[in-house]
$ cat upload_33.cif   # mmCIF, N, CA and C atoms
data_upload
#
loop_
_atom_site.label_atom_id
_atom_site.label_comp_id
_atom_site.auth_asym_id
_atom_site.auth_seq_id
_atom_site.Cartn_x
_atom_site.Cartn_y
_atom_site.Cartn_z
N MET A 1 0.84 -1.17 0.00
CA MET A 1 0.00 0.00 0.00
C MET A 1 0.89 1.24 0.00
N GLN A 2 0.54 2.22 -0.87
CA GLN A 2 1.33 3.43 -0.97
C GLN A 2 0.87 4.45 0.06
N PRO A 3 1.80 5.24 0.56
CA PRO A 3 1.42 6.27 1.53
C PRO A 3 0.56 7.33 0.85
N CYS A 4 -0.32 7.88 1.60
CA CYS A 4 -1.22 8.92 1.10
C CYS A 4 -0.43 10.21 0.91
N ARG A 5 -0.51 10.75 -0.28
CA ARG A 5 0.19 12.01 -0.56
C ARG A 5 -0.84 13.13 -0.60
N THR A 6 -0.63 14.08 0.24
CA THR A 6 -1.54 15.23 0.24
C THR A 6 -0.82 16.41 -0.36
N MET A 7 -1.55 17.22 -1.06
CA MET A 7 -0.98 18.42 -1.65
C MET A 7 -1.30 19.60 -0.76
N HIS A 8 -0.30 20.39 -0.52
CA HIS A 8 -0.47 21.58 0.30
C HIS A 8 -0.36 22.81 -0.58
N ALA A 9 -1.33 23.66 -0.50
CA ALA A 9 -1.29 24.92 -1.25
C ALA A 9 -0.69 26.00 -0.36
N HIS A 10 0.20 26.76 -0.94
CA HIS A 10 0.79 27.87 -0.21
C HIS A 10 -0.13 29.08 -0.41
N ILE A 11 -0.74 29.52 0.64
CA ILE A 11 -1.66 30.65 0.56
C ILE A 11 -0.95 31.89 1.09
N THR A 12 -0.90 32.90 0.25
CA THR A 12 -0.24 34.15 0.62
C THR A 12 -1.18 34.97 1.48
N SER A 13 -0.61 35.59 2.47
CA SER A 13 -1.37 36.45 3.35
C SER A 13 -2.01 37.59 2.56
N PRO A 14 -3.23 37.98 2.90
CA PRO A 14 -3.86 39.09 2.18
C PRO A 14 -3.17 40.43 2.43
N ASP A 15 -2.32 40.50 3.45
CA ASP A 15 -1.61 41.74 3.75
C ASP A 15 -0.43 41.97 2.80
N VAL A 16 0.05 40.92 2.14
CA VAL A 16 1.19 41.04 1.24
C VAL A 16 0.71 41.58 -0.09
N PRO A 17 1.33 42.68 -0.58
CA PRO A 17 0.88 43.23 -1.87
C PRO A 17 1.14 42.23 -3.00
N ARG A 18 0.16 42.07 -3.85
CA ARG A 18 0.28 41.12 -4.95
C ARG A 18 0.75 41.83 -6.21
N LEU A 19 1.73 41.27 -6.86
CA LEU A 19 2.22 41.85 -8.09
C LEU A 19 1.35 41.39 -9.25
N ASP A 20 0.85 42.32 -10.01
CA ASP A 20 0.07 41.98 -11.18
C ASP A 20 1.02 41.95 -12.37
N ILE A 21 1.47 40.76 -12.71
CA ILE A 21 2.39 40.60 -13.82
C ILE A 21 1.57 40.30 -15.07
N PRO A 22 1.82 41.03 -16.16
CA PRO A 22 1.05 40.80 -17.38
C PRO A 22 1.39 39.44 -18.00
N PRO A 23 0.60 38.99 -18.97
CA PRO A 23 0.89 37.72 -19.63
C PRO A 23 2.27 37.73 -20.26
N THR A 24 2.94 36.61 -20.24
CA THR A 24 4.29 36.54 -20.79
C THR A 24 4.31 36.79 -22.30
N SER A 25 3.18 36.62 -22.95
CA SER A 25 3.12 36.90 -24.39
C SER A 25 3.22 38.39 -24.69
N GLU A 26 3.09 39.24 -23.65
CA GLU A 26 3.18 40.69 -23.83
C GLU A 26 4.48 41.27 -23.27
N LEU A 27 5.38 40.41 -22.78
CA LEU A 27 6.66 40.85 -22.22
C LEU A 27 7.77 40.58 -23.22
N PHE A 28 8.58 41.61 -23.49
CA PHE A 28 9.66 41.47 -24.46
C PHE A 28 10.91 42.17 -23.96
N SER A 29 12.06 41.68 -24.39
CA SER A 29 13.33 42.35 -24.10
C SER A 29 13.41 43.61 -24.96
N LYS A 30 14.34 44.49 -24.64
CA LYS A 30 14.46 45.73 -25.43
C LYS A 30 14.86 45.42 -26.87
N GLU A 31 15.69 44.40 -27.05
CA GLU A 31 16.09 44.01 -28.41
C GLU A 31 14.88 43.52 -29.21
N ALA A 32 14.04 42.71 -28.56
CA ALA A 32 12.86 42.17 -29.24
C ALA A 32 11.86 43.28 -29.57
N LEU A 33 11.75 44.28 -28.70
CA LEU A 33 10.84 45.40 -28.99
C LEU A 33 11.27 46.14 -30.25
N VAL A 34 12.57 46.38 -30.39
CA VAL A 34 13.08 47.09 -31.56
C VAL A 34 12.88 46.23 -32.81
N GLU A 35 13.08 44.92 -32.69
CA GLU A 35 12.87 44.03 -33.83
C GLU A 35 11.40 43.99 -34.25
N ARG A 36 10.49 44.05 -33.28
CA ARG A 36 9.07 43.99 -33.58
C ARG A 36 8.55 45.30 -34.19
N HIS A 37 9.19 46.43 -33.88
CA HIS A 37 8.73 47.74 -34.35
C HIS A 37 9.90 48.54 -34.92
N PRO A 38 10.54 48.06 -36.00
CA PRO A 38 11.75 48.73 -36.51
C PRO A 38 11.48 50.12 -37.08
N ASN A 39 10.26 50.40 -37.53
CA ASN A 39 9.96 51.73 -38.08
C ASN A 39 9.62 52.75 -37.00
N LEU A 40 9.40 52.27 -35.80
CA LEU A 40 8.97 53.15 -34.71
C LEU A 40 10.05 53.32 -33.64
N LEU A 41 10.71 52.23 -33.28
CA LEU A 41 11.65 52.24 -32.16
C LEU A 41 13.09 52.08 -32.63
N THR A 42 13.99 52.72 -31.92
CA THR A 42 15.42 52.50 -32.13
C THR A 42 16.01 51.99 -30.81
N TYR A 43 17.07 51.21 -30.93
CA TYR A 43 17.67 50.64 -29.73
C TYR A 43 18.13 51.72 -28.75
N PRO A 44 18.82 52.78 -29.20
CA PRO A 44 19.25 53.81 -28.23
C PRO A 44 18.09 54.48 -27.49
N ARG A 45 16.98 54.72 -28.19
CA ARG A 45 15.83 55.36 -27.53
C ARG A 45 15.19 54.45 -26.48
N VAL A 46 15.06 53.17 -26.83
CA VAL A 46 14.49 52.22 -25.87
C VAL A 46 15.43 52.08 -24.67
N GLN A 47 16.72 51.99 -24.94
CA GLN A 47 17.70 51.87 -23.85
C GLN A 47 17.65 53.10 -22.94
N TRP A 48 17.55 54.29 -23.51
CA TRP A 48 17.46 55.52 -22.71
C TRP A 48 16.19 55.50 -21.86
N ALA A 49 15.06 55.10 -22.46
CA ALA A 49 13.79 55.08 -21.73
C ALA A 49 13.85 54.13 -20.55
N LEU A 50 14.47 52.96 -20.74
CA LEU A 50 14.56 51.98 -19.65
C LEU A 50 15.54 52.44 -18.58
N ARG A 51 16.62 53.08 -19.00
CA ARG A 51 17.60 53.56 -18.02
C ARG A 51 17.00 54.65 -17.13
N ASN A 52 16.11 55.46 -17.68
CA ASN A 52 15.50 56.57 -16.94
C ASN A 52 14.08 56.26 -16.51
N ARG A 53 13.74 55.00 -16.36
CA ARG A 53 12.36 54.61 -16.07
C ARG A 53 11.83 55.14 -14.75
N ALA A 54 12.70 55.38 -13.77
CA ALA A 54 12.24 55.90 -12.48
C ALA A 54 11.74 57.34 -12.62
N ARG A 55 12.30 58.10 -13.57
CA ARG A 55 11.91 59.50 -13.76
C ARG A 55 10.83 59.69 -14.80
N ASN A 56 10.77 58.80 -15.78
CA ASN A 56 9.85 59.03 -16.89
C ASN A 56 8.53 58.27 -16.79
N GLY A 57 8.30 57.56 -15.71
CA GLY A 57 7.02 56.89 -15.51
C GLY A 57 6.93 55.48 -16.05
N LEU A 58 8.04 54.90 -16.45
CA LEU A 58 8.02 53.55 -17.01
C LEU A 58 8.32 52.46 -16.00
N SER A 59 8.59 52.81 -14.76
CA SER A 59 9.00 51.78 -13.79
C SER A 59 7.91 50.73 -13.56
N SER A 60 6.65 51.09 -13.79
CA SER A 60 5.58 50.12 -13.57
C SER A 60 5.39 49.16 -14.73
N VAL A 61 6.06 49.39 -15.87
CA VAL A 61 5.90 48.50 -17.03
C VAL A 61 7.16 47.71 -17.34
N VAL A 62 8.19 47.83 -16.49
CA VAL A 62 9.43 47.11 -16.69
C VAL A 62 9.59 46.09 -15.58
N TYR A 63 9.90 44.85 -15.96
CA TYR A 63 10.06 43.75 -15.01
C TYR A 63 11.44 43.16 -15.18
N GLU A 64 12.01 42.68 -14.08
CA GLU A 64 13.31 42.03 -14.15
C GLU A 64 13.11 40.54 -14.01
N SER A 65 13.66 39.79 -14.97
CA SER A 65 13.52 38.33 -14.93
C SER A 65 14.49 37.77 -13.89
N LYS A 66 14.36 36.49 -13.62
CA LYS A 66 15.25 35.84 -12.64
C LYS A 66 16.70 35.89 -13.09
N SER A 67 16.92 35.96 -14.40
CA SER A 67 18.29 36.03 -14.93
C SER A 67 18.83 37.46 -14.95
N GLY A 68 18.00 38.44 -14.57
CA GLY A 68 18.45 39.82 -14.52
C GLY A 68 18.13 40.61 -15.78
N GLN A 69 17.52 39.97 -16.78
CA GLN A 69 17.17 40.66 -18.01
C GLN A 69 15.92 41.50 -17.80
N LEU A 70 15.92 42.71 -18.35
CA LEU A 70 14.75 43.57 -18.25
C LEU A 70 13.74 43.18 -19.32
N LEU A 71 12.50 43.01 -18.88
CA LEU A 71 11.40 42.69 -19.79
C LEU A 71 10.39 43.83 -19.73
N VAL A 72 9.91 44.22 -20.89
CA VAL A 72 9.04 45.37 -21.01
C VAL A 72 7.64 44.91 -21.42
N HIS A 73 6.63 45.48 -20.76
CA HIS A 73 5.24 45.20 -21.15
C HIS A 73 4.95 46.04 -22.39
N GLU A 74 4.91 45.37 -23.54
CA GLU A 74 4.83 46.05 -24.84
C GLU A 74 3.66 47.01 -24.98
N PRO A 75 2.41 46.62 -24.67
CA PRO A 75 1.30 47.57 -24.88
C PRO A 75 1.44 48.86 -24.07
N GLU A 76 1.84 48.74 -22.82
CA GLU A 76 1.99 49.94 -21.98
C GLU A 76 3.17 50.79 -22.42
N PHE A 77 4.27 50.14 -22.84
CA PHE A 77 5.44 50.89 -23.31
C PHE A 77 5.08 51.68 -24.56
N LEU A 78 4.37 51.05 -25.50
CA LEU A 78 3.99 51.75 -26.73
C LEU A 78 3.04 52.90 -26.44
N ARG A 79 2.12 52.73 -25.50
CA ARG A 79 1.24 53.85 -25.12
C ARG A 79 2.06 55.02 -24.61
N TRP A 80 3.05 54.71 -23.75
CA TRP A 80 3.92 55.76 -23.22
C TRP A 80 4.74 56.39 -24.34
N TYR A 81 5.33 55.57 -25.18
CA TYR A 81 6.22 56.05 -26.24
C TYR A 81 5.49 56.97 -27.22
N LEU A 82 4.25 56.61 -27.51
CA LEU A 82 3.47 57.42 -28.44
C LEU A 82 2.83 58.63 -27.79
N GLY A 83 3.04 58.81 -26.49
CA GLY A 83 2.54 59.98 -25.79
C GLY A 83 1.10 59.88 -25.36
N LEU A 84 0.56 58.67 -25.34
CA LEU A 84 -0.84 58.50 -24.95
C LEU A 84 -1.02 58.46 -23.45
N THR A 85 0.04 58.09 -22.71
CA THR A 85 -0.01 58.08 -21.24
C THR A 85 1.33 58.56 -20.70
N GLY A 86 1.30 59.10 -19.50
CA GLY A 86 2.53 59.38 -18.78
C GLY A 86 3.27 60.64 -19.13
N ARG A 87 2.83 61.39 -20.10
CA ARG A 87 3.51 62.63 -20.45
C ARG A 87 2.48 63.74 -20.62
N SER A 88 2.92 64.95 -20.37
CA SER A 88 2.02 66.06 -20.68
C SER A 88 2.08 66.30 -22.19
N LYS A 89 0.97 66.61 -22.79
CA LYS A 89 0.91 66.79 -24.22
C LYS A 89 0.40 68.19 -24.51
N PRO A 90 0.68 68.82 -25.60
CA PRO A 90 1.54 68.37 -26.67
C PRO A 90 3.00 68.55 -26.32
N ARG A 91 3.84 67.78 -26.97
CA ARG A 91 5.27 67.88 -26.73
C ARG A 91 5.83 69.10 -27.45
N ALA A 92 6.83 69.71 -26.85
CA ALA A 92 7.43 70.91 -27.42
C ALA A 92 8.19 70.56 -28.68
N SER A 93 8.08 71.41 -29.66
CA SER A 93 8.81 71.22 -30.91
C SER A 93 10.24 71.68 -30.72
N ARG A 94 11.16 71.00 -31.40
CA ARG A 94 12.57 71.41 -31.33
C ARG A 94 12.88 72.53 -32.31
N VAL A 95 12.00 72.74 -33.28
CA VAL A 95 12.20 73.76 -34.30
C VAL A 95 11.47 75.03 -33.86
N LEU A 96 12.18 76.15 -33.88
CA LEU A 96 11.55 77.42 -33.53
C LEU A 96 10.61 77.85 -34.64
N ARG A 97 9.43 78.30 -34.28
CA ARG A 97 8.48 78.81 -35.26
C ARG A 97 8.77 80.28 -35.53
N ARG A 98 8.31 80.76 -36.66
CA ARG A 98 8.50 82.18 -36.98
C ARG A 98 7.79 83.03 -35.95
N GLY A 99 8.46 84.06 -35.52
CA GLY A 99 7.84 84.98 -34.59
C GLY A 99 8.10 84.64 -33.14
N THR A 100 8.66 83.47 -32.84
CA THR A 100 8.93 83.12 -31.45
C THR A 100 10.39 83.36 -31.11
N ASP A 101 11.19 83.70 -32.11
CA ASP A 101 12.60 83.96 -31.87
C ASP A 101 12.72 85.35 -31.22
N PRO A 102 13.38 85.46 -30.05
CA PRO A 102 13.49 86.76 -29.37
C PRO A 102 14.16 87.82 -30.23
N ARG A 103 15.07 87.43 -31.13
CA ARG A 103 15.75 88.41 -31.96
C ARG A 103 14.79 89.07 -32.95
N SER A 104 13.74 88.34 -33.38
CA SER A 104 12.80 88.92 -34.33
C SER A 104 11.98 90.04 -33.68
N LEU A 105 11.81 90.01 -32.37
CA LEU A 105 11.08 91.06 -31.66
C LEU A 105 11.92 92.34 -31.59
N GLU A 106 13.24 92.18 -31.45
CA GLU A 106 14.13 93.35 -31.35
C GLU A 106 14.21 94.10 -32.67
N GLU A 107 14.11 93.37 -33.80
CA GLU A 107 14.25 94.00 -35.11
C GLU A 107 13.00 94.77 -35.50
N SER A 108 11.87 94.50 -34.91
CA SER A 108 10.61 95.15 -35.29
C SER A 108 10.56 96.58 -34.87
#

$ encode --input "upload_33.cif" --output "structure tokens"
Amino acid sequence: MQPCRTMHAHITSPDVPRLDIPPTSELFSKEALVERHPNLLTYPRVQWALRNRARNGLSSVVYESKSGQLLVHEPEFLRWYLGLTGRSKPRASRVLRRGTDPRSLEES
């Protein structure tokens, strides 16, 4: 006769905050993100965004795997990158428009 094997479930205390990890099908490395969206993303821009994630609002969409690799939640990252969340809009243009140059006011 075999001994009775009982299964024990580990139940986490309700006081412990639960991490809501997205499906693994939506998590990608920075290299994979650039490969999936080559017309939109560049490796240096993605690397900069991940390096500055504590300041730019991306810390909630970046996960560290057990091996230490950073994995990014693609849908949330793209929303942030396209300016749909996490940034004040509209973004400032780098090109000066006519009439906004201080020197043009002096010449008038």

$ closest_residue --input "upload_33.cif" --among "A:Leu78, A:Val62, A:Ile21, A:Leu84" --to "Leu41 in chain A" --atoms "only C-alpha atoms"
A:Leu78

$ resolve_selection --input "upload_33.cif" --expression "the PyMOL selection byres ((chain A and resi 54-59) around 8)" --output "CSV table (one decimal) with N, CA and C atoms, in the frame of the given file"
chain,number,residue,atom,x,y,z
A,49,ALA,N,15.1,55.1,-22.5
A,49,ALA,CA,13.8,55.1,-21.7
A,49,ALA,C,13.8,54.1,-20.6
A,50,LEU,N,14.5,53.0,-20.7
A,50,LEU,CA,14.6,52.0,-19.6
A,50,LEU,C,15.5,52.4,-18.6
A,51,ARG,N,16.6,53.1,-19.0
A,51,ARG,CA,17.6,53.6,-18.0
A,51,ARG,C,17.0,54.6,-17.1
A,52,ASN,N,16.1,55.5,-17.7
A,52,ASN,CA,15.5,56.6,-16.9
A,52,ASN,C,14.1,56.3,-16.5
A,53,ARG,N,13.7,55.0,-16.4
A,53,ARG,CA,12.4,54.6,-16.1
A,53,ARG,C,11.8,55.1,-14.8
A,60,SER,N,6.6,51.1,-13.8
A,60,SER,CA,5.6,50.1,-13.6
A,60,SER,C,5.4,49.2,-14.7
A,61,VAL,N,6.1,49.4,-15.9
A,61,VAL,CA,5.9,48.5,-17.0
A,61,VAL,C,7.2,47.7,-17.3
A,62,VAL,N,8.2,47.8,-16.5
A,62,VAL,CA,9.4,47.1,-16.7
A,62,VAL,C,9.6,46.1,-15.6
A,63,TYR,N,9.9,44.8,-16.0
A,63,TYR,CA,10.1,43.8,-15.0
A,63,TYR,C,11.4,43.2,-15.2
A,76,GLU,N,1.8,48.7,-22.8
A,76,GLU,CA,2.0,49.9,-22.0
A,76,GLU,C,3.2,50.8,-22.4
A,77,PHE,N,4.3,50.1,-22.8
A,77,PHE,CA,5.4,50.9,-23.3
A,77,PHE,C,5.1,51.7,-24.6
A,80,TRP,N,3.0,54.7,-23.8
A,80,TRP,CA,3.9,55.8,-23.2
A,80,TRP,C,4.7,56.4,-24.3
A,85,THR,N,0.0,58.1,-22.7
A,85,THR,CA,0.0,58.1,-21.2
A,85,THR,C,1.3,58.6,-20.7
A,86,GLY,N,1.3,59.1,-19.5
A,86,GLY,CA,2.5,59.4,-18.8
A,86,GLY,C,3.3,60.6,-19.1
A,87,ARG,N,2.8,61.4,-20.1
A,87,ARG,CA,3.5,62.6,-20.4
A,87,ARG,C,2.5,63.7,-20.6

$ resolve_selection --input "upload_33.cif" --expression "the PyMOL selection byres (((chain A and resi 30-37 and name CA) around 8) and name CA)" --output "PyMOL selection string"
chain A and resi 28-29+38-43+46-47+70-72+74

$ atom_distance --input "upload_33.cif" --atom1 "CA of Tyr81 in chain A" --atom2 "atom C of Lys66 in chain A"
26.3 Å

$ axis_aligned_box --input "upload_33.cif" --around "range 18-32 of chain A" --padding-each-side "4 Å" --output "AutoDock Vina command-line options"
--center_x 8.1 --center_y 41.1 --center_z -16.7 --size_x 24.0 --size_y 17.2 --size_z 33.7

$ select_by_dssp --input "upload_33.cif" --residues "range 44-92 of chain A" --states "strand (DSSP E)" --output "number ranges by chain"
A: 62-64, 70-73

$ atom_distance --input "upload_33.cif" --atom1 "CA of His73 in chain A" --atom2 "CA of Asp20 in chain A"
11.7 Å

$ atom_distance --input "upload_33.cif" --atom1 "atom C of Ser67 in chain A" --atom2 "atom N of Gly83 in chain A"
29.0 Å

$ build_atoms --input "upload_33.cif" --residues "range 53-74 of chain A" --atoms "N, CA, C and O atoms" --output "mmCIF file, in the frame of the given file"
data_model
loop_
_atom_site.group_PDB
_atom_site.id
_atom_site.type_symbol
_atom_site.label_atom_id
_atom_site.label_comp_id
_atom_site.auth_asym_id
_atom_site.auth_seq_id
_atom_site.Cartn_x
_atom_site.Cartn_y
_atom_site.Cartn_z
ATOM 1 N N ARG A 53 13.740 55.000 -16.360
ATOM 2 C CA ARG A 53 12.360 54.610 -16.070
ATOM 3 C C ARG A 53 11.830 55.140 -14.750
ATOM 4 O O ARG A 53 10.644 55.349 -14.595
ATOM 5 N N ALA A 54 12.700 55.380 -13.770
ATOM 6 C CA ALA A 54 12.240 55.900 -12.480
ATOM 7 C C ALA A 54 11.740 57.340 -12.620
ATOM 8 O O ALA A 54 10.838 57.759 -11.908
ATOM 9 N N ARG A 55 12.300 58.100 -13.570
ATOM 10 C CA ARG A 55 11.910 59.500 -13.760
ATOM 11 C C ARG A 55 10.830 59.690 -14.800
ATOM 12 O O ARG A 55 10.078 60.650 -14.731
ATOM 13 N N ASN A 56 10.770 58.800 -15.780
ATOM 14 C CA ASN A 56 9.850 59.030 -16.890
ATOM 15 C C ASN A 56 8.530 58.270 -16.790
ATOM 16 O O ASN A 56 7.728 58.307 -17.716
ATOM 17 N N GLY A 57 8.300 57.560 -15.710
ATOM 18 C CA GLY A 57 7.020 56.890 -15.510
ATOM 19 C C GLY A 57 6.930 55.480 -16.050
ATOM 20 O O GLY A 57 5.846 54.908 -16.088
ATOM 21 N N LEU A 58 8.040 54.900 -16.450
ATOM 22 C CA LEU A 58 8.020 53.550 -17.010
ATOM 23 C C LEU A 58 8.320 52.460 -16.000
ATOM 24 O O LEU A 58 8.309 51.286 -16.346
ATOM 25 N N SER A 59 8.590 52.810 -14.760
ATOM 26 C CA SER A 59 9.000 51.780 -13.790
ATOM 27 C C SER A 59 7.910 50.730 -13.560
ATOM 28 O O SER A 59 8.216 49.592 -13.228
ATOM 29 N N SER A 60 6.650 51.090 -13.790
ATOM 30 C CA SER A 60 5.580 50.120 -13.570
ATOM 31 C C SER A 60 5.390 49.160 -14.730
ATOM 32 O O SER A 60 4.640 48.197 -14.615
ATOM 33 N N VAL A 61 6.060 49.390 -15.870
ATOM 34 C CA VAL A 61 5.900 48.500 -17.030
ATOM 35 C C VAL A 61 7.160 47.710 -17.340
ATOM 36 O O VAL A 61 7.206 46.998 -18.333
ATOM 37 N N VAL A 62 8.190 47.830 -16.490
ATOM 38 C CA VAL A 62 9.430 47.110 -16.690
ATOM 39 C C VAL A 62 9.590 46.090 -15.580
ATOM 40 O O VAL A 62 9.440 46.410 -14.405
ATOM 41 N N TYR A 63 9.900 44.850 -15.960
ATOM 42 C CA TYR A 63 10.060 43.750 -15.010
ATOM 43 C C TYR A 63 11.440 43.160 -15.180
ATOM 44 O O TYR A 63 11.979 43.113 -16.287
ATOM 45 N N GLU A 64 12.010 42.680 -14.080
ATOM 46 C CA GLU A 64 13.310 42.030 -14.150
ATOM 47 C C GLU A 64 13.110 40.540 -14.010
ATOM 48 O O GLU A 64 12.465 40.065 -13.088
ATOM 49 N N SER A 65 13.660 39.790 -14.970
ATOM 50 C CA SER A 65 13.520 38.330 -14.930
ATOM 51 C C SER A 65 14.490 37.770 -13.890
ATOM 52 O O SER A 65 15.349 38.479 -13.359
ATOM 53 N N LYS A 66 14.360 36.490 -13.620
ATOM 54 C CA LYS A 66 15.250 35.840 -12.640
ATOM 55 C C LYS A 66 16.700 35.890 -13.090
ATOM 56 O O LYS A 66 17.607 35.901 -12.284
ATOM 57 N N SER A 67 16.920 35.960 -14.400
ATOM 58 C CA SER A 67 18.290 36.030 -14.930
ATOM 59 C C SER A 67 18.830 37.460 -14.950
ATOM 60 O O SER A 67 19.982 37.669 -15.309
ATOM 61 N N GLY A 68 18.000 38.440 -14.570
ATOM 62 C CA GLY A 68 18.450 39.820 -14.520
ATOM 63 C C GLY A 68 18.130 40.610 -15.780
ATOM 64 O O GLY A 68 18.423 41.797 -15.858
ATOM 65 N N GLN A 69 17.520 39.970 -16.780
ATOM 66 C CA GLN A 69 17.170 40.660 -18.010
ATOM 67 C C GLN A 69 15.920 41.500 -17.800
ATOM 68 O O GLN A 69 14.976 41.078 -17.132
ATOM 69 N N LEU A 70 15.920 42.710 -18.350
ATOM 70 C CA LEU A 70 14.750 43.570 -18.250
ATOM 71 C C LEU A 70 13.740 43.180 -19.320
ATOM 72 O O LEU A 70 14.076 43.023 -20.484
ATOM 73 N N LEU A 71 12.500 43.010 -18.880
ATOM 74 C CA LEU A 71 11.400 42.690 -19.790
ATOM 75 C C LEU A 71 10.390 43.830 -19.730
ATOM 76 O O LEU A 71 10.071 44.332 -18.664
ATOM 77 N N VAL A 72 9.910 44.220 -20.890
ATOM 78 C CA VAL A 72 9.040 45.370 -21.010
ATOM 79 C C VAL A 72 7.640 44.910 -21.420
ATOM 80 O O VAL A 72 7.500 44.092 -22.329
ATOM 81 N N HIS A 73 6.630 45.480 -20.760
ATOM 82 C CA HIS A 73 5.240 45.200 -21.150
ATOM 83 C C HIS A 73 4.950 46.040 -22.390
ATOM 84 O O HIS A 73 4.777 47.255 -22.319
ATOM 85 N N GLU A 74 4.910 45.370 -23.540
ATOM 86 C CA GLU A 74 4.830 46.050 -24.840
ATOM 87 C C GLU A 74 3.660 47.010 -24.980
ATOM 88 O O GLU A 74 3.861 48.169 -25.374
#
